[in-house]
Amino acid sequence: MEISHKRDVKTALKGQFTTIEENAKLRVICGPMFSGKTTKLINIIHTYAAQDRRIQVFKPQLDHRYATKEIVSHDNKSIAAIGITNAEELYAFADKTDVFAIDEAQFFGDEIVNVCQSLTRKNKIVIISGLDFDFKARPFGSMPALLSLADEIIKLNAVCNFCAGHASFSHRTTTEVETLVLGEKDKYVPLCRSCYLEVLKA
Ligand SMILES: [Zn+2]
């Protein structure tokens with residue numbers, strides 16, 4: 001096909017495309033602990049709610065830190081949520097949900113990647129919030145795959161506990177070695193890259 005013809009096809013299709021906001025089907029919010037991910041998720045949910053979209057919030061059932069039936073940000077904003085143990089449980093909500101908001105996504109198994117892709121193919125909007133790094137600064141669970149598939153990435157920083165710089169890492173202050181250890185400021189501090197490297201040397 002000659003270039004001029006390609007341009008014709010593009011022009012013909014142009015009117016069928018949706019807006020940029022509509023095209024952002026998979027949105028991922030990531031960052032360390034205390035970076036405001038849940039607050040950002042709640043704010044995005046409110047914007048969809050204002051558009052009269054049917055929204056449902058989900059979180060892994062293992063997270064009992066604040067409450068079982070809601071997600072709560074560190075600044076105490078809260079919103080009702082359904083606890084699920086496997087991301088495939090989301091399919092059951094597809095008929096009555098336009099926007100799936102998923103908090104603490106790093107705790108779900110690999111299945112969440114296919115589930116998110118299937119939901120977006122069904123024209124659903126999926127907003128994921130999760131830690132991009134575990135306590136050893138390793139990419140966390142399925143978050144790397146979700147980030148590579150995302151239409152939009154919102155990467156947040158916390159305030160470094162040592163130098164007040166931009167923190168990307170959640171450093172564990174206890175000696176527990178398991179990847180999954182629930183805790184708050186009693187167990188984790190946000191650190192910037194240089195302070196994190198200093199801690200590793202100490
Ligand atoms: Zn620092």
# chains A, B, ... in the order shown; residues from 1 in each chain; ligands from 1

$ select_by_dssp --residues "region 12-137 of chain A" --states "strand (DSSP E)" --output "PyMOL selection string"
chain A and resi 26-31+55-60+70-72+78-80+82-84+99-102+125-131

$ write_last_selection --atoms "C-alpha atoms" --output "PDB file, in the first residue's frame"
ATOM      1  CA  LEU A  26      -5.207  -0.403  32.468  1.00  0.00           C
ATOM      2  CA  ARG A  27      -3.853   2.173  34.878  1.00  0.00           C
ATOM      3  CA  VAL A  28      -1.195   1.192  37.403  1.00  0.00           C
ATOM      4  CA  ILE A  29      -0.275   3.173  40.514  1.00  0.00           C
ATOM      5  CA  CYS A  30       3.026   2.066  42.043  1.00  0.00           C
ATOM      6  CA  GLY A  31       5.576   3.223  44.575  1.00  0.00           C
ATOM      7  CA  ILE A  55     -17.088   0.894  40.323  1.00  0.00           C
ATOM      8  CA  GLN A  56     -16.041  -1.910  42.603  1.00  0.00           C
ATOM      9  CA  VAL A  57     -12.951  -1.932  44.802  1.00  0.00           C
ATOM     10  CA  PHE A  58     -11.107  -5.154  45.623  1.00  0.00           C
ATOM     11  CA  LYS A  59      -8.221  -6.068  47.853  1.00  0.00           C
ATOM     12  CA  PRO A  60      -6.432  -9.273  48.781  1.00  0.00           C
ATOM     13  CA  GLU A  70     -12.674  -1.255  53.046  1.00  0.00           C
ATOM     14  CA  ILE A  71      -9.397   0.137  51.798  1.00  0.00           C
ATOM     15  CA  VAL A  72      -7.924   2.784  54.042  1.00  0.00           C
ATOM     16  CA  SER A  78     -11.546   4.963  53.249  1.00  0.00           C
ATOM     17  CA  ILE A  79     -13.805   3.290  50.707  1.00  0.00           C
ATOM     18  CA  ALA A  80     -15.729  -0.014  50.739  1.00  0.00           C
ATOM     19  CA  ILE A  82     -14.403  -6.675  48.632  1.00  0.00           C
ATOM     20  CA  GLY A  83     -11.706  -9.031  49.880  1.00  0.00           C
ATOM     21  CA  ILE A  84     -10.737 -11.775  47.419  1.00  0.00           C
ATOM     22  CA  VAL A  99     -14.302   0.021  36.701  1.00  0.00           C
ATOM     23  CA  PHE A 100     -12.275  -2.494  38.711  1.00  0.00           C
ATOM     24  CA  ALA A 101     -10.036  -0.898  41.336  1.00  0.00           C
ATOM     25  CA  ILE A 102      -7.540  -3.275  42.947  1.00  0.00           C
ATOM     26  CA  ILE A 125     -11.277  -0.112  33.114  1.00  0.00           C
ATOM     27  CA  VAL A 126      -8.813  -1.642  35.572  1.00  0.00           C
ATOM     28  CA  ILE A 127      -6.915   0.457  38.089  1.00  0.00           C
ATOM     29  CA  ILE A 128      -4.176  -1.354  39.953  1.00  0.00           C
ATOM     30  CA  SER A 129      -2.330  -0.073  42.996  1.00  0.00           C
ATOM     31  CA  GLY A 130       0.665  -1.908  44.400  1.00  0.00           C
ATOM     32  CA  LEU A 131       4.242  -1.944  45.631  1.00  0.00           C
TER      33      LEU A 131
END

$ residues_near_ligand --ligand "ligand 1" --cutoff "7 Å" --atoms "only C-alpha atoms and all ligand atoms" --output "list in words"
Cys160, Asn161, Phe162, Cys163, Ala164, Gly165, Ala167, Leu191, Cys192, Arg193, Ser194 and Cys195 of chain A

$ write_last_selection --atoms "all heavy atoms" --output "tab-separated table (two decimals), in the first residue's frame"
chain	number	residue	atom	x	y	z
A	160	CYS	N	11.97	10.14	52.00
A	160	CYS	CA	13.02	9.31	52.61
A	160	CYS	C	13.13	9.60	54.10
A	160	CYS	O	13.18	10.75	54.52
A	160	CYS	CB	14.36	9.56	51.92
A	160	CYS	SG	15.71	8.66	52.69
A	161	ASN	N	13.15	8.51	54.88
A	161	ASN	CA	13.17	8.63	56.33
A	161	ASN	C	14.46	9.27	56.84
A	161	ASN	O	14.49	9.84	57.92
A	161	ASN	CB	13.02	7.23	56.93
A	161	ASN	CG	12.43	7.25	58.31
A	161	ASN	OD1	11.41	7.90	58.52
A	161	ASN	ND2	13.05	6.57	59.25
A	162	PHE	N	15.54	9.17	56.06
A	162	PHE	CA	16.83	9.67	56.53
A	162	PHE	C	17.15	11.07	55.99
A	162	PHE	O	17.65	11.91	56.72
A	162	PHE	CB	17.96	8.70	56.10
A	162	PHE	CG	17.87	7.36	56.77
A	162	PHE	CD1	18.56	6.27	56.26
A	162	PHE	CD2	17.11	7.17	57.93
A	162	PHE	CE1	18.49	5.02	56.88
A	162	PHE	CE2	17.02	5.93	58.55
A	162	PHE	CZ	17.72	4.86	58.01
A	163	CYS	N	16.90	11.31	54.69
A	163	CYS	CA	17.38	12.57	54.10
A	163	CYS	C	16.24	13.43	53.55
A	163	CYS	O	16.48	14.51	53.03
A	163	CYS	CB	18.38	12.27	52.99
A	163	CYS	SG	17.61	11.63	51.49
A	164	ALA	N	14.99	12.95	53.68
A	164	ALA	CA	13.81	13.67	53.19
A	164	ALA	C	13.78	13.80	51.66
A	164	ALA	O	13.01	14.58	51.11
A	164	ALA	CB	13.66	15.05	53.84
A	165	GLY	N	14.63	13.02	50.98
A	165	GLY	CA	14.60	13.00	49.51
A	165	GLY	C	13.47	12.11	49.00
A	165	GLY	O	12.65	11.63	49.78
A	167	ALA	N	11.80	8.94	48.09
A	167	ALA	CA	12.01	7.53	48.43
A	167	ALA	C	11.31	6.62	47.46
A	167	ALA	O	10.15	6.83	47.11
A	167	ALA	CB	11.50	7.27	49.84
A	191	LEU	N	12.88	4.71	51.94
A	191	LEU	CA	14.23	5.24	51.75
A	191	LEU	C	14.48	5.58	50.28
A	191	LEU	O	13.95	4.90	49.39
A	191	LEU	CB	15.29	4.21	52.18
A	191	LEU	CG	15.36	3.84	53.66
A	191	LEU	CD1	16.50	2.84	53.87
A	191	LEU	CD2	15.57	5.06	54.55
A	192	CYS	N	15.29	6.60	50.05
A	192	CYS	CA	15.72	6.92	48.69
A	192	CYS	C	16.80	5.91	48.29
A	192	CYS	O	17.30	5.14	49.13
A	192	CYS	CB	16.24	8.34	48.60
A	192	CYS	SG	17.84	8.55	49.38
A	193	ARG	N	17.19	5.93	47.03
A	193	ARG	CA	18.16	4.94	46.56
A	193	ARG	C	19.49	5.07	47.30
A	193	ARG	O	20.06	4.08	47.74
A	193	ARG	CB	18.38	5.11	45.05
A	193	ARG	CG	19.21	4.00	44.43
A	193	ARG	CD	19.31	4.20	42.91
A	193	ARG	NE	18.03	4.03	42.25
A	193	ARG	CZ	17.55	2.85	41.83
A	193	ARG	NH1	18.25	1.75	42.02
A	193	ARG	NH2	16.39	2.78	41.23
A	194	SER	N	20.00	6.30	47.48
A	194	SER	CA	21.32	6.41	48.14
A	194	SER	C	21.28	5.99	49.59
A	194	SER	O	22.17	5.30	50.07
A	194	SER	CB	21.94	7.80	47.99
A	194	SER	OG	21.02	8.74	47.61
A	195	CYS	N	20.21	6.37	50.31
A	195	CYS	CA	20.12	5.96	51.72
A	195	CYS	C	19.92	4.45	51.82
A	195	CYS	O	20.45	3.80	52.72
A	195	CYS	CB	19.01	6.71	52.44
A	195	CYS	SG	19.40	8.46	52.66

$ closest_residue --among "A:Ile112, A:Ala105, A:Gln117, A:Thr39" --to "Ala150 (chain A)" --atoms "only C-alpha atoms"
A:Gln117

$ closest_residue --among "A:Asp103, A:Asp95, A:Glu176, A:Glu184" --to "Met143 (chain A)" --atoms "only C-alpha atoms"
A:Asp103

$ decode --residues "region 117-133 of chain A" --atoms "all heavy atoms" --output "CSV table (one decimal), in the first residue's frame"
chain,number,residue,atom,x,y,z
A,117,GLN,N,-5.8,-8.5,31.7
A,117,GLN,CA,-5.9,-8.4,30.2
A,117,GLN,C,-7.3,-8.8,29.7
A,117,GLN,O,-7.8,-8.1,28.8
A,117,GLN,CB,-4.8,-9.3,29.6
A,117,GLN,CG,-3.4,-8.7,29.7
A,117,GLN,CD,-2.4,-9.6,28.9
A,117,GLN,OE1,-2.1,-10.7,29.3
A,117,GLN,NE2,-1.9,-9.1,27.8
A,118,SER,N,-7.9,-9.8,30.3
A,118,SER,CA,-9.2,-10.3,29.9
A,118,SER,C,-10.2,-9.2,30.2
A,118,SER,O,-11.1,-8.9,29.3
A,118,SER,CB,-9.6,-11.5,30.6
A,118,SER,OG,-8.8,-12.6,30.3
A,119,LEU,N,-10.1,-8.5,31.3
A,119,LEU,CA,-11.1,-7.5,31.7
A,119,LEU,C,-11.0,-6.3,30.7
A,119,LEU,O,-12.0,-5.8,30.3
A,119,LEU,CB,-10.9,-7.1,33.1
A,119,LEU,CG,-11.3,-8.1,34.2
A,119,LEU,CD1,-10.9,-7.6,35.6
A,119,LEU,CD2,-12.8,-8.4,34.1
A,120,THR,N,-9.8,-5.9,30.4
A,120,THR,CA,-9.6,-4.8,29.5
A,120,THR,C,-10.1,-5.1,28.1
A,120,THR,O,-10.7,-4.3,27.4
A,120,THR,CB,-8.2,-4.3,29.4
A,120,THR,OG1,-7.3,-5.4,29.1
A,120,THR,CG2,-7.7,-3.6,30.7
A,121,ARG,N,-10.0,-6.4,27.7
A,121,ARG,CA,-10.6,-6.8,26.4
A,121,ARG,C,-12.1,-6.7,26.4
A,121,ARG,O,-12.7,-6.6,25.4
A,121,ARG,CB,-10.1,-8.2,26.0
A,121,ARG,CG,-8.7,-8.2,25.5
A,121,ARG,CD,-8.3,-9.6,24.9
A,121,ARG,NE,-6.9,-9.8,25.0
A,121,ARG,CZ,-6.3,-10.7,25.8
A,121,ARG,NH1,-7.0,-11.5,26.5
A,121,ARG,NH2,-5.0,-10.8,25.8
A,122,LYS,N,-12.6,-6.9,27.6
A,122,LYS,CA,-14.1,-6.8,27.7
A,122,LYS,C,-14.5,-5.3,27.9
A,122,LYS,O,-15.6,-5.0,28.4
A,122,LYS,CB,-14.6,-7.6,28.9
A,122,LYS,CG,-14.5,-9.1,28.7
A,122,LYS,CD,-14.9,-9.8,29.9
A,122,LYS,CE,-14.8,-11.3,29.6
A,122,LYS,NZ,-14.5,-12.1,30.8
A,123,ASN,N,-13.6,-4.4,27.6
A,123,ASN,CA,-13.9,-3.0,27.7
A,123,ASN,C,-14.0,-2.4,29.1
A,123,ASN,O,-14.6,-1.4,29.4
A,123,ASN,CB,-15.1,-2.6,26.9
A,123,ASN,CG,-14.9,-1.4,26.1
A,123,ASN,OD1,-13.8,-1.0,25.8
A,123,ASN,ND2,-16.0,-0.7,25.7
A,124,LYS,N,-13.5,-3.2,30.1
A,124,LYS,CA,-13.5,-2.7,31.5
A,124,LYS,C,-12.3,-1.8,31.7
A,124,LYS,O,-11.2,-1.9,31.1
A,124,LYS,CB,-13.4,-3.9,32.4
A,124,LYS,CG,-14.5,-4.9,32.2
A,124,LYS,CD,-15.9,-4.4,32.5
A,124,LYS,CE,-16.9,-5.4,32.3
A,124,LYS,NZ,-18.3,-4.9,32.4
A,125,ILE,N,-12.4,-0.9,32.7
A,125,ILE,CA,-11.3,-0.1,33.1
A,125,ILE,C,-10.7,-0.8,34.4
A,125,ILE,O,-11.5,-1.1,35.3
A,125,ILE,CB,-11.7,1.3,33.4
A,125,ILE,CG1,-12.1,2.0,32.1
A,125,ILE,CG2,-10.6,2.1,34.1
A,125,ILE,CD1,-12.8,3.3,32.2
A,126,VAL,N,-9.4,-1.0,34.4
A,126,VAL,CA,-8.8,-1.6,35.6
A,126,VAL,C,-7.8,-0.7,36.1
A,126,VAL,O,-6.9,-0.3,35.4
A,126,VAL,CB,-8.2,-3.0,35.2
A,126,VAL,CG1,-7.6,-3.7,36.4
A,126,VAL,CG2,-9.2,-3.9,34.5
A,127,ILE,N,-7.9,-0.4,37.4
A,127,ILE,CA,-6.9,0.5,38.1
A,127,ILE,C,-6.3,-0.4,39.2
A,127,ILE,O,-6.9,-0.9,40.1
A,127,ILE,CB,-7.6,1.7,38.7
A,127,ILE,CG1,-8.6,2.3,37.8
A,127,ILE,CG2,-6.5,2.7,39.2
A,127,ILE,CD1,-9.6,3.2,38.5
A,128,ILE,N,-4.9,-0.5,39.0
A,128,ILE,CA,-4.2,-1.4,40.0
A,128,ILE,C,-3.3,-0.4,40.8
A,128,ILE,O,-2.8,0.5,40.4
A,128,ILE,CB,-3.2,-2.2,39.1
A,128,ILE,CG1,-3.9,-3.2,38.2
A,128,ILE,CG2,-2.2,-2.9,40.0
A,128,ILE,CD1,-4.4,-4.4,38.8
A,129,SER,N,-3.3,-0.8,42.1
A,129,SER,CA,-2.3,-0.1,43.0
A,129,SER,C,-1.5,-1.1,43.7
A,129,SER,O,-2.0,-2.1,44.2
A,129,SER,CB,-3.1,0.8,44.0
A,129,SER,OG,-2.2,1.3,45.0
A,130,GLY,N,-0.2,-0.9,43.7
A,130,GLY,CA,0.7,-1.9,44.4
A,130,GLY,C,2.1,-1.5,44.6
A,130,GLY,O,2.5,-0.5,44.0
A,131,LEU,N,2.8,-2.2,45.4
A,131,LEU,CA,4.2,-1.9,45.6
A,131,LEU,C,5.0,-2.5,44.4
A,131,LEU,O,4.8,-3.6,44.0
A,131,LEU,CB,4.7,-2.7,46.9
A,131,LEU,CG,4.2,-2.3,48.2
A,131,LEU,CD1,4.6,-3.3,49.3
A,131,LEU,CD2,4.9,-0.9,48.6
A,132,ASP,N,5.9,-1.6,43.8
A,132,ASP,CA,6.7,-2.1,42.7
A,132,ASP,C,7.9,-2.9,43.2
A,132,ASP,O,8.4,-3.7,42.5
A,132,ASP,CB,7.1,-1.0,41.7
A,132,ASP,CG,7.4,0.3,42.4
A,132,ASP,OD1,7.5,0.3,43.7
A,132,ASP,OD2,7.7,1.3,41.7
A,133,PHE,N,8.4,-2.6,44.4
A,133,PHE,CA,9.5,-3.3,45.0
A,133,PHE,C,9.2,-4.0,46.3
A,133,PHE,O,8.4,-3.5,47.1
A,133,PHE,CB,10.7,-2.4,45.3
A,133,PHE,CG,11.3,-1.7,44.1
A,133,PHE,CD1,11.2,-0.4,43.9
A,133,PHE,CD2,11.9,-2.5,43.1
A,133,PHE,CE1,11.8,0.2,42.8
A,133,PHE,CE2,12.5,-1.9,42.0
A,133,PHE,CZ,12.4,-0.6,41.8
